[in-house]
Structure formats: structure tokens, C-alpha cells
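Novice: File name work.tsv; file contents TSV, C-alpha atoms and all ligand atoms; full text below.
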```
chain	number	residue	atom	x	y	z
A	1	MET	CA	117.81	104.93	97.60
A	2	ILE	CA	121.45	105.92	97.53
A	3	VAL	CA	123.81	102.95	97.43
A	4	SER	CA	127.43	103.47	98.42
A	5	THR	CA	129.83	102.29	95.72
A	6	LEU	CA	132.35	101.47	98.45
A	7	ALA	CA	130.24	98.67	99.84
A	8	THR	CA	131.56	95.24	99.02
A	9	SER	CA	128.37	93.20	99.06
A	10	THR	CA	124.63	93.71	98.55
A	11	GLY	CA	124.04	93.32	102.29
A	12	GLU	CA	126.64	95.92	103.14
A	13	ALA	CA	125.39	98.25	100.39
A	14	ARG	CA	121.87	98.07	101.72
A	15	ARG	CA	123.03	98.59	105.29
A	16	SER	CA	125.09	101.61	104.31
A	17	ALA	CA	122.13	103.00	102.29
A	18	TRP	CA	119.63	102.97	105.15
A	19	MET	CA	122.19	104.23	107.63
A	20	GLU	CA	123.07	107.10	105.28
A	21	ALA	CA	119.35	107.92	104.86
A	22	GLY	CA	118.97	107.89	108.66
A	23	ARG	CA	121.92	110.25	109.14
A	24	GLY	CA	120.45	112.69	106.61
A	25	TRP	CA	116.93	112.67	108.02
A	26	GLY	CA	118.22	112.82	111.58
A	27	ALA	CA	120.70	115.66	111.10
A	28	ARG	CA	118.16	118.32	112.15
A	29	ALA	CA	115.74	116.05	113.97
A	30	LYS	CA	114.06	118.62	116.22
A	31	GLU	CA	113.40	121.04	113.35
A	32	TRP	CA	111.91	118.18	111.30
A	33	ALA	CA	109.83	116.86	114.19
A	34	TYR	CA	108.36	120.09	115.48
A	35	GLN	CA	108.43	122.42	112.46
A	36	PHE	CA	107.87	120.17	109.45
A	37	GLU	CA	106.28	116.83	110.32
A	38	PRO	CA	102.95	118.32	111.60
A	39	TYR	CA	102.06	119.27	108.00
A	40	ALA	CA	101.03	115.62	107.50
A	41	LEU	CA	98.43	115.52	110.30
A	42	PRO	CA	95.40	115.71	107.92
A	43	ALA	CA	96.84	112.72	106.03
A	44	ASN	CA	97.51	110.82	109.27
A	45	HIS	CA	93.89	111.25	110.42
A	46	LEU	CA	92.41	110.48	107.01
A	47	LEU	CA	94.38	107.27	106.54
A	48	PHE	CA	93.69	106.04	110.08
A	49	ASP	CA	89.97	106.70	109.47
A	50	GLN	CA	90.12	104.72	106.21
A	51	LEU	CA	91.89	101.85	107.97
A	52	GLY	CA	89.58	101.87	111.01
A	53	VAL	CA	92.48	102.40	113.44
A	54	GLY	CA	91.06	102.55	116.96
A	55	GLN	CA	91.00	100.84	120.35
A	56	GLY	CA	93.16	97.71	120.29
A	57	THR	CA	94.39	97.96	116.67
A	58	SER	CA	97.93	96.67	116.41
A	59	CYS	CA	99.69	99.21	114.21
A	60	LEU	CA	103.17	99.55	112.66
A	61	ASP	CA	104.31	102.80	111.04
A	62	VAL	CA	107.20	102.19	108.63
A	63	ALA	CA	109.72	105.04	108.17
A	64	CYS	CA	107.91	106.64	111.09
A	65	GLY	CA	110.23	109.64	111.39
A	66	SER	CA	109.76	111.28	114.78
A	67	GLY	CA	106.58	109.30	115.42
A	68	LEU	CA	103.86	111.93	115.09
A	69	ALA	CA	101.58	109.59	113.11
A	70	ALA	CA	102.20	106.79	115.60
A	71	ASN	CA	101.21	109.19	118.38
A	72	VAL	CA	97.95	110.00	116.56
A	73	ALA	CA	97.22	106.25	116.33
A	74	ALA	CA	98.09	105.73	120.01
A	75	ARG	CA	95.66	108.50	121.02
A	76	ARG	CA	92.96	106.51	119.20
A	77	GLY	CA	93.74	103.53	121.44
A	78	ALA	CA	95.96	101.58	119.03
A	79	SER	CA	99.01	99.71	120.26
A	80	VAL	CA	101.79	101.24	118.17
A	81	SER	CA	105.18	100.26	116.83
A	82	GLY	CA	107.40	102.32	114.58
A	83	LEU	CA	110.60	101.85	112.63
A	84	ASP	CA	112.92	104.45	111.17
A	85	ALA	CA	116.51	104.65	109.97
A	86	SER	CA	117.27	107.70	112.11
A	87	THR	CA	118.34	107.30	115.73
A	88	THR	CA	117.64	110.94	116.59
A	89	LEU	CA	114.12	110.81	115.11
A	90	ILE	CA	113.39	107.57	116.97
A	91	ASP	CA	114.51	109.26	120.23
A	92	ILE	CA	111.78	111.86	119.67
A	93	ALA	CA	109.21	109.17	118.75
A	94	ARG	CA	109.92	107.40	122.06
A	95	ALA	CA	109.57	110.70	123.97
A	96	ARG	CA	106.25	111.41	122.24
A	97	THR	CA	104.77	107.96	122.87
A	98	PRO	CA	106.62	106.18	125.70
A	99	GLU	CA	104.28	103.17	125.54
A	100	GLY	CA	105.12	102.56	121.85
A	101	ASP	CA	107.70	100.09	120.52
A	102	PHE	CA	110.07	102.15	118.37
A	103	ARG	CA	113.09	100.62	116.63
A	104	VAL	CA	115.98	102.00	114.60
A	105	GLY	CA	116.29	99.85	111.50
A	106	ASP	CA	115.75	99.22	107.82
A	107	MET	CA	112.31	99.02	106.23
A	108	PHE	CA	113.73	96.39	103.85
A	109	ALA	CA	114.38	94.03	106.79
A	110	LEU	CA	111.71	94.68	109.42
A	111	PRO	CA	112.67	93.37	112.89
A	112	PHE	CA	109.15	92.04	113.57
A	113	GLU	CA	107.71	88.55	113.29
A	114	ASP	CA	105.31	87.41	110.54
A	115	GLY	CA	101.63	88.27	110.92
A	116	ARG	CA	102.14	90.60	113.89
A	117	PHE	CA	100.14	93.70	112.84
A	118	ASP	CA	96.51	94.51	111.91
A	119	VAL	CA	97.61	97.67	110.12
A	120	VAL	CA	100.88	98.81	108.55
A	121	THR	CA	101.20	102.43	107.42
A	122	SER	CA	103.91	104.50	105.82
A	123	PHE	CA	103.53	108.26	105.39
A	124	ASN	CA	105.80	109.35	102.53
A	125	GLY	CA	108.23	106.63	103.58
A	126	ILE	CA	107.91	103.98	100.84
A	127	TRP	CA	108.85	105.28	97.39
A	128	ASN	CA	109.11	104.24	93.80
A	129	GLY	CA	111.72	101.47	93.74
A	130	CYS	CA	110.94	100.22	97.27
A	131	ASP	CA	108.98	97.06	96.36
A	132	ASP	CA	110.99	95.09	98.91
A	133	ALA	CA	109.68	97.33	101.70
A	134	LEU	CA	106.11	96.46	100.63
A	135	THR	CA	107.02	92.76	100.66
A	136	GLU	CA	108.24	93.21	104.23
A	137	ALA	CA	105.08	95.13	105.18
A	138	ARG	CA	102.99	92.27	103.77
A	139	ARG	CA	104.98	89.70	105.75
A	140	VAL	CA	104.31	91.39	109.10
A	141	LEU	CA	100.58	91.92	108.40
A	142	THR	CA	97.91	89.47	109.54
A	143	THR	CA	96.25	87.70	106.59
A	144	ASP	CA	93.26	90.05	106.81
A	145	GLY	CA	95.39	93.07	107.72
A	146	GLN	CA	95.53	96.37	105.86
A	147	LEU	CA	98.24	98.57	104.44
A	148	GLY	CA	97.98	102.35	104.04
A	149	MET	CA	100.52	104.69	102.50
A	150	THR	CA	100.89	108.27	101.31
A	151	PHE	CA	103.13	109.90	98.69
A	152	TRP	CA	103.32	113.24	96.89
A	153	GLY	CA	100.31	114.06	94.72
A	154	SER	CA	100.26	115.77	91.34
A	155	PHE	CA	102.98	118.32	90.59
A	156	ASP	CA	100.47	121.04	89.64
A	157	ARG	CA	99.05	120.91	93.19
A	158	MET	CA	102.42	120.79	94.89
A	159	GLY	CA	103.36	124.09	96.51
A	160	LEU	CA	106.70	122.58	97.56
A	161	LEU	CA	107.68	121.73	93.96
A	162	PRO	CA	110.05	124.75	93.54
A	163	TYR	CA	111.72	123.70	96.81
A	164	PHE	CA	112.36	120.17	95.55
A	165	MET	CA	113.59	121.54	92.20
A	166	LYS	CA	116.04	123.76	94.08
A	167	ILE	CA	117.27	120.76	96.08
A	168	ILE	CA	117.80	118.78	92.86
A	169	GLU	CA	119.65	121.72	91.29
A	170	LEU	CA	122.02	122.05	94.27
A	171	SER	CA	122.53	118.32	95.00
A	172	PRO	CA	125.41	116.20	93.71
A	173	VAL	CA	124.35	114.17	90.63
A	174	SER	CA	124.56	110.99	92.73
A	175	HIS	CA	121.61	112.15	94.87
A	176	GLN	CA	119.44	113.82	92.24
A	177	SER	CA	117.62	110.71	91.03
A	178	ALA	CA	116.74	109.66	94.60
A	179	THR	CA	114.94	112.97	95.12
A	180	MET	CA	113.17	112.72	91.75
A	181	GLU	CA	111.90	109.24	92.62
A	182	LEU	CA	109.97	110.76	95.55
A	183	GLY	CA	107.69	112.61	93.15
A	184	GLU	CA	107.03	109.64	90.88
A	185	THR	CA	105.55	107.25	93.42
A	186	GLY	CA	101.91	108.14	92.68
A	187	ASP	CA	102.34	106.99	89.06
A	188	VAL	CA	103.67	103.57	90.00
A	189	VAL	CA	102.17	102.76	93.41
A	190	GLU	CA	99.42	100.47	92.10
A	191	ALA	CA	101.92	98.51	89.99
A	192	MET	CA	104.20	98.22	93.05
A	193	LEU	CA	101.28	96.93	95.15
A	194	GLY	CA	100.30	94.46	92.41
A	195	ARG	CA	103.86	93.09	92.17
A	196	THR	CA	104.00	92.60	95.94
A	197	ARG	CA	100.61	90.81	96.04
A	198	PHE	CA	98.43	93.52	97.51
A	199	GLU	CA	94.92	94.34	96.32
A	200	VAL	CA	94.11	98.06	96.26
A	201	GLN	CA	91.04	98.97	98.36
A	202	ALA	CA	90.75	102.74	98.00
A	203	ARG	CA	92.74	105.68	96.72
A	204	GLY	CA	92.46	109.47	97.01
A	205	THR	CA	94.21	112.73	97.76
A	206	VAL	CA	94.41	115.00	100.78
A	207	GLU	CA	95.63	118.58	101.03
A	208	VAL	CA	98.39	119.27	103.53
A	209	THR	CA	99.85	122.64	104.48
A	210	ASN	CA	103.23	123.70	105.82
A	211	GLU	CA	102.77	126.80	107.96
A	212	TRP	CA	105.45	128.87	109.60
A	213	PRO	CA	105.30	132.20	111.48
A	214	ASP	CA	108.10	133.91	109.53
A	215	ILE	CA	110.62	133.51	106.72
A	216	GLU	CA	113.53	132.48	108.96
A	217	THR	CA	111.55	129.66	110.60
A	218	ALA	CA	110.36	128.48	107.18
A	219	ILE	CA	113.93	128.33	105.83
A	220	ARG	CA	115.27	126.50	108.91
A	221	SER	CA	112.44	123.97	108.68
A	222	LEU	CA	112.85	123.35	104.96
A	223	ALA	CA	116.57	122.76	105.54
A	224	ALA	CA	115.70	119.90	107.93
A	225	ALA	CA	114.23	117.44	105.39
A	226	GLY	CA	116.51	114.54	104.43
A	227	PRO	CA	116.84	115.36	100.70
A	228	ALA	CA	118.18	118.82	101.63
A	229	ILE	CA	121.23	117.37	103.38
A	230	PRO	CA	123.30	116.38	100.28
A	231	ALA	CA	122.60	119.83	98.81
A	232	ILE	CA	123.68	121.51	102.07
A	233	GLU	CA	126.84	119.41	102.14
A	234	ALA	CA	127.56	120.36	98.51
A	235	VAL	CA	127.04	124.15	98.69
A	236	GLY	CA	127.12	124.96	102.42
A	237	TYR	CA	124.26	125.81	104.79
A	238	ASP	CA	124.29	129.57	104.18
A	239	THR	CA	124.22	129.28	100.37
A	240	PHE	CA	121.46	126.69	100.59
A	241	CYS	CA	119.39	128.92	102.89
A	242	GLY	CA	119.99	131.87	100.57
A	243	ALA	CA	118.56	129.84	97.68
A	244	LEU	CA	115.52	128.90	99.78
A	245	ARG	CA	114.97	132.55	100.70
A	246	GLU	CA	114.19	133.32	97.03
A	247	PHE	CA	111.46	130.66	97.11
A	248	VAL	CA	110.01	131.52	100.53
A	249	THR	CA	110.01	135.33	100.54
A	250	PRO	CA	107.19	135.81	97.97
A	251	LEU	CA	105.06	133.35	99.97
A	252	HIS	CA	105.30	135.38	103.17
A	253	ASP	CA	102.32	137.43	104.34
A	254	PRO	CA	103.10	139.63	107.38
A	255	ARG	CA	99.64	138.93	108.84
A	256	THR	CA	99.61	135.13	108.47
A	257	GLY	CA	103.24	134.02	107.95
A	258	VAL	CA	104.30	131.47	105.33
A	259	ARG	CA	101.75	128.91	104.12
A	260	ILE	CA	102.52	126.31	101.44
A	261	SER	CA	99.88	123.76	100.42
A	262	SER	CA	100.45	120.52	98.51
A	263	ASP	CA	98.43	117.39	97.79
A	264	LEU	CA	99.41	114.00	99.12
A	265	GLY	CA	98.11	110.88	97.44
A	266	TRP	CA	96.99	107.99	99.63
A	267	VAL	CA	96.12	104.37	99.04
A	268	THR	CA	94.86	101.47	101.15
A	269	ALA	CA	95.36	97.81	100.24
A	270	ARG	CA	94.95	94.26	101.56
A	271	PRO	CA	97.20	91.22	101.07
A	272	ARG	CA	95.92	88.98	98.23
A	301	LIG	C1	109.72	111.80	104.28
A	301	LIG	S1	110.33	111.18	105.83
A	301	LIG	C2	108.76	110.64	106.48
A	301	LIG	C3	108.75	110.59	107.96
A	301	LIG	C4	107.37	110.40	108.58
A	301	LIG	N1	106.73	109.19	108.08
A	301	LIG	C5	106.49	111.60	108.34
A	301	LIG	O1	105.37	111.45	107.89
A	301	LIG	O2	106.90	112.70	108.64
A	301	LIG	C6	111.09	109.66	105.34
A	301	LIG	C7	111.61	108.83	106.52
A	301	LIG	O3	112.09	107.59	106.00
A	301	LIG	C8	113.20	107.18	106.78
A	301	LIG	N2	113.93	106.18	105.99
A	301	LIG	C9	114.58	106.35	104.81
A	301	LIG	N3	115.08	105.17	104.38
A	301	LIG	C10	114.74	104.24	105.31
A	301	LIG	C11	114.96	102.84	105.43
A	301	LIG	N4	115.61	102.14	104.51
A	301	LIG	N5	114.46	102.21	106.52
A	301	LIG	C12	113.77	102.89	107.47
A	301	LIG	N6	113.53	104.22	107.40
A	301	LIG	C13	114.00	104.88	106.33
A	301	LIG	C14	113.94	108.47	107.06
A	301	LIG	O4	114.81	108.37	108.17
A	301	LIG	C15	112.78	109.45	107.28
A	301	LIG	O5	112.43	109.56	108.64
```
Kindly present the structure from the file in C-alpha cells form.
Specialist:
Amino acid sequence: MIVSTLATSTGEARRSAWMEAGRGWGARAKEWAYQFEPYALPANHLLFDQLGVGQGTSCLDVACGSGLAANVAARRGASVSGLDASTTLIDIARARTPEGDFRVGDMFALPFEDGRFDVVTSFNGIWNGCDDALTEARRVLTTDGQLGMTFWGSFDRMGLLPYFMKIIELSPVSHQSATMELGETGDVVEAMLGRTRFEVQARGTVEVTNEWPDIETAIRSLAAAGPAIPAIEAVGYDTFCGALREFVTPLHDPRTGVRISSDLGWVTARPR
């Protein structure tokens, strides 16, 4: 998490951090929602299967982005809530699932009462260093509730790795470590869950694929992920897209477009 050095207190620093994250992730909300987020659908289905999400399950998705996962849960009959730092992504979540309860806010201070949900999920939303978000997730779960989360899997099965390396290379130093922490979550997730009094139930991996019809669409979509924004601000949109072109072009097949596969790790856990 990026913490503004201008903030004068911990509360203000935290508020400015989640609002900054929301601005980044929301800057190209429609591209993220419709051209990037669907890559996670296999992980959404797998985790909801593992957690038994179905008719009547009360479900919260933390860092829900534009609410695609919440929509999958709603189609299974769950009653869904979602929280994200980005106003523009939450607008899309509400459009996708009008019956859902979607809030703009901070995962470190969830605006929901204790014991409210049967299931809390977070798809690549809770990272290394975010123990306090797990503590909040635990607070809003029923005593026999379940948590499920995903994160990037091993680097040698991560087709997007050169993309993240390029982002790190082009980002200001102040943002580089935040992006690196994304990739480290799988190594520390069980320790994080232990510290926040969860008991791990199951763990595995699932392959996800980004697929785009052509190079230009791929570049525009890759430029929509939150970590890209500091790099874009540092070097300009055109230079950033030029750097992505070097990564994307060799992956393009004129018959099938651009396909990039990566593994996500997943874990389920119960409050101890
Ligand atoms: C990798 S995206 C994942 C979005 C969605 N879960 C998905 O699967 O596509 C990370 C999300 O976390 C949100 N986020 C970052 N920091 C946050 C915070 N402190 N509180 C709430 N949401 C946050 C961002 O706005 C972004 O939508």
C-alpha cells in the first residue's frame, strides 16, 4: 500500500492510501471491467464451488473491483455485497448487479456490522502486508463462516510476469515495492491467515487466461490495471504503451489474437 508522506496522522495516511488506490484502479474503469476482469472467471467459479456459495448465501466480496465475481455469486442465488476503493468501478458493479449492496470504502475499515456474512471473498484484493484487511474480514464473518481469497501463483507459470516487470521498471521508486508485494502473497498467505486467527481449509491453483482480439486491445487493457497508473504518470501513456507493445507483439497470433495464461493461487479458511 502506498502511504502519502503528506498525511499528518495514521488515520489520514490510511484514508489517502485507499483513496489513491481507488483513483488508480478507477482511472480506466470500463477497460478494466470489460477487457481485463473476465480473466478471473475460472477462479471466481472455483472458489465459489469450494465455499459452497449458492441460494441464500450471504456473501461479501472485498476489493470487488467492477463486481464481476459478485455477479457470478448473485447468479448462483447468493445475496451479495461488495466493497472497493474505486467509485467508477463500484458504479459498474451496481449496474451489473442492481440488487447487490455495493459500497465505496476501505477494506481496512469495512462498513458492515460484526457477523453479517456467511462467506467473504477477495480475488487478488488482499495482499502481503494487508493483515488488517483479514482481521476486518474475520470480524464481519459469522462464527462458522468461510473466507476465500486468490493471489498470483508461481512466477514460472505467470505469463503476465514480463508485464509486471515492465511496470516496475517504469514506475517511480515509491510505487515499485507495492507492485512487488502483489507477487509475494502466495509465500506468506498462510502466515497472514494464522496471525489473524484463521484456520486454512484448502489451497490450490487455477489457470486464468487474458484473451484479446488484437494487439491494440491488449495494450489498452493492460494499461487499465491499477499498478500501471504510476508508470503511465511517470513516462506518459504513449511511451508506456510502446513498452507494452514489445511484450504483446510476439504473443499475437493473427488467427486467435493475444492469449496470456497465468496461475492464480487460492485458499479457503475458517475463523478459529
Ligand atoms: C487487482 S484489483 C481486483 C479487483 C477484482 N477483485 C477482480 O478480481 O478483478 C484490486 C482492487 O482492490 C481495490 N483496492 C485497493 N486498495 C483498496 C482498499 N484499501 N480498500 C478497498 N479496495 C481497495 C482496487 O480499487 C481494485 O479494484
Novice: Near Asp131 (chain A), counting only C-alpha atoms, which residues have an atom at most 8 Å away, once you skip same-chain residues fewer than 6 positions from it, shown as a list of chain:residue names?
Specialist: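 Surrounding residues, per the criterion: A:Met192, A:Leu193, A:Arg195, A:Thr196.
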Novice: Distance table requested - chain A against ligand LIG 301 (chain A), cut-off 6 Å, all atoms listed in the file: one row per qualifying residue with the closest atom pair and its distance in Å to one decimal, ordered by chain and rising residue number, as a tab-separated table.
Specialist:
```
residue	atom	partner	partner_atom	distance
A:Trp18	CA	A:LIG301	N4	4.2
A:Ala21	CA	A:LIG301	C9	5.0
A:Gly22	CA	A:LIG301	O4	4.2
A:Trp25	CA	A:LIG301	O4	4.8
A:Glu37	CA	A:LIG301	O2	4.5
A:Ala63	CA	A:LIG301	N6	4.0
A:Cys64	CA	A:LIG301	N1	4.1
A:Gly65	CA	A:LIG301	O5	3.5
A:Asp84	CA	A:LIG301	N6	3.8
A:Ala85	CA	A:LIG301	N6	4.0
A:Ser86	CA	A:LIG301	O4	4.7
A:Gly105	CA	A:LIG301	C12	5.6
A:Asp106	CA	A:LIG301	N5	3.5
A:Met107	CA	A:LIG301	N5	3.9
A:Ser122	CA	A:LIG301	N1	5.9
A:Phe123	CA	A:LIG301	N1	4.3
A:Asn124	CA	A:LIG301	C1	4.9
A:Gly125	CA	A:LIG301	C6	4.5
```
Novice: So that I have them on file, write out the residues from the current selection with C-alpha atoms, as an mmCIF file, keeping the file's coordinate frame.
Specialist:
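Written file, again-v6.cif:
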```cif
data_model
loop_
_atom_site.group_PDB
_atom_site.id
_atom_site.type_symbol
_atom_site.label_atom_id
_atom_site.label_comp_id
_atom_site.auth_asym_id
_atom_site.auth_seq_id
_atom_site.Cartn_x
_atom_site.Cartn_y
_atom_site.Cartn_z
ATOM 1 C CA TRP A 18 119.630 102.970 105.150
ATOM 2 C CA ALA A 21 119.350 107.920 104.860
ATOM 3 C CA GLY A 22 118.970 107.890 108.660
ATOM 4 C CA TRP A 25 116.930 112.670 108.020
ATOM 5 C CA GLU A 37 106.280 116.830 110.320
ATOM 6 C CA ALA A 63 109.720 105.040 108.170
ATOM 7 C CA CYS A 64 107.910 106.640 111.090
ATOM 8 C CA GLY A 65 110.230 109.640 111.390
ATOM 9 C CA ASP A 84 112.920 104.450 111.170
ATOM 10 C CA ALA A 85 116.510 104.650 109.970
ATOM 11 C CA SER A 86 117.270 107.700 112.110
ATOM 12 C CA GLY A 105 116.290 99.850 111.500
ATOM 13 C CA ASP A 106 115.750 99.220 107.820
ATOM 14 C CA MET A 107 112.310 99.020 106.230
ATOM 15 C CA SER A 122 103.910 104.500 105.820
ATOM 16 C CA PHE A 123 103.530 108.260 105.390
ATOM 17 C CA ASN A 124 105.800 109.350 102.530
ATOM 18 C CA GLY A 125 108.230 106.630 103.580
#
```
Novice: Identify which of the residues A:Gly159, A:Gly129, A:Gly67, A:Gly77 lies closest to Ile90 (chain A), counting all atoms listed in the file when measuring atom-to-atom distances.
Specialist: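 With all atoms listed in the file as the atom set, the closest residue is A:Gly67.
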Novice: Using all atoms listed in the file, pick whichever of A:Ala202, A:Ala224, A:Val119, A:Leu46 has the shortest atom-to-atom distance to Ser81 (chain A).
Specialist: A:Val119
Novice: Considering all atoms listed in the file, can you say which of A:Leu68, A:Leu89, A:Leu47, A:Val53 comes closest to Gly226 (chain A)?
Specialist: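 Checking each candidate against Gly226 (chain A), we get A:Leu89 as the closest.
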Novice: So, counting only C-alpha atoms, which residue among A:Val189, A:Tyr163, A:Asp214, A:Glu199 is closest to Glu246 (chain A)?
Specialist: A:Tyr163
Novice: So which one's closest to Thr249 (chain A), A:Asp263, A:Asp144, A:Glu113, A:Glu216? Using only C-alpha atoms, please.
Specialist: A:Glu216
Novice: Determine the nearest neighbour of Glu99 (chain A) from the options A:Val188, A:Val120, A:Ile168, A:Ala74, counting all atoms listed in the file.
Specialist: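 Selected residue with least distance to Glu99 (chain A): A:Ala74.
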Novice: Which residues come within 9 Å of Arg272 (chain A), counting only C-alpha atoms, excluding same-chain residues fewer than 2 positions away, as a PyMOL selection string?
Specialist: chain A and resi 143+197-199+270
Novice: With all atoms listed in the file as the counted atoms, please give the residues lying no more than 12 Å from Glu233 (chain A), apart from itself and same-chain residues fewer than 5 positions off, as a list in words.
Specialist: Gly24, Ala27, Ile167, Leu170, Ser171, Pro172, His175, Ala223, Gly226, Pro227, Ala228, Asp238, Thr239 and Phe240 of chain A
Novice: Just how far from CA of Phe151 (chain A) is CA of Asp253 (chain A), in Å to one decimal?
Specialist: 28.1 Å
Novice: Edge lengths and centre in Å to one decimal, as JSON, is what I'm after for the box along x, y and z that holds all listed atoms of region 75-78 of chain A once 6 Å is added on each side.
Specialist:
```
{"center_x": 94.5, "center_y": 105.0, "center_z": 120.2, "size_x": 15.0, "size_y": 18.9, "size_z": 14.4}
```
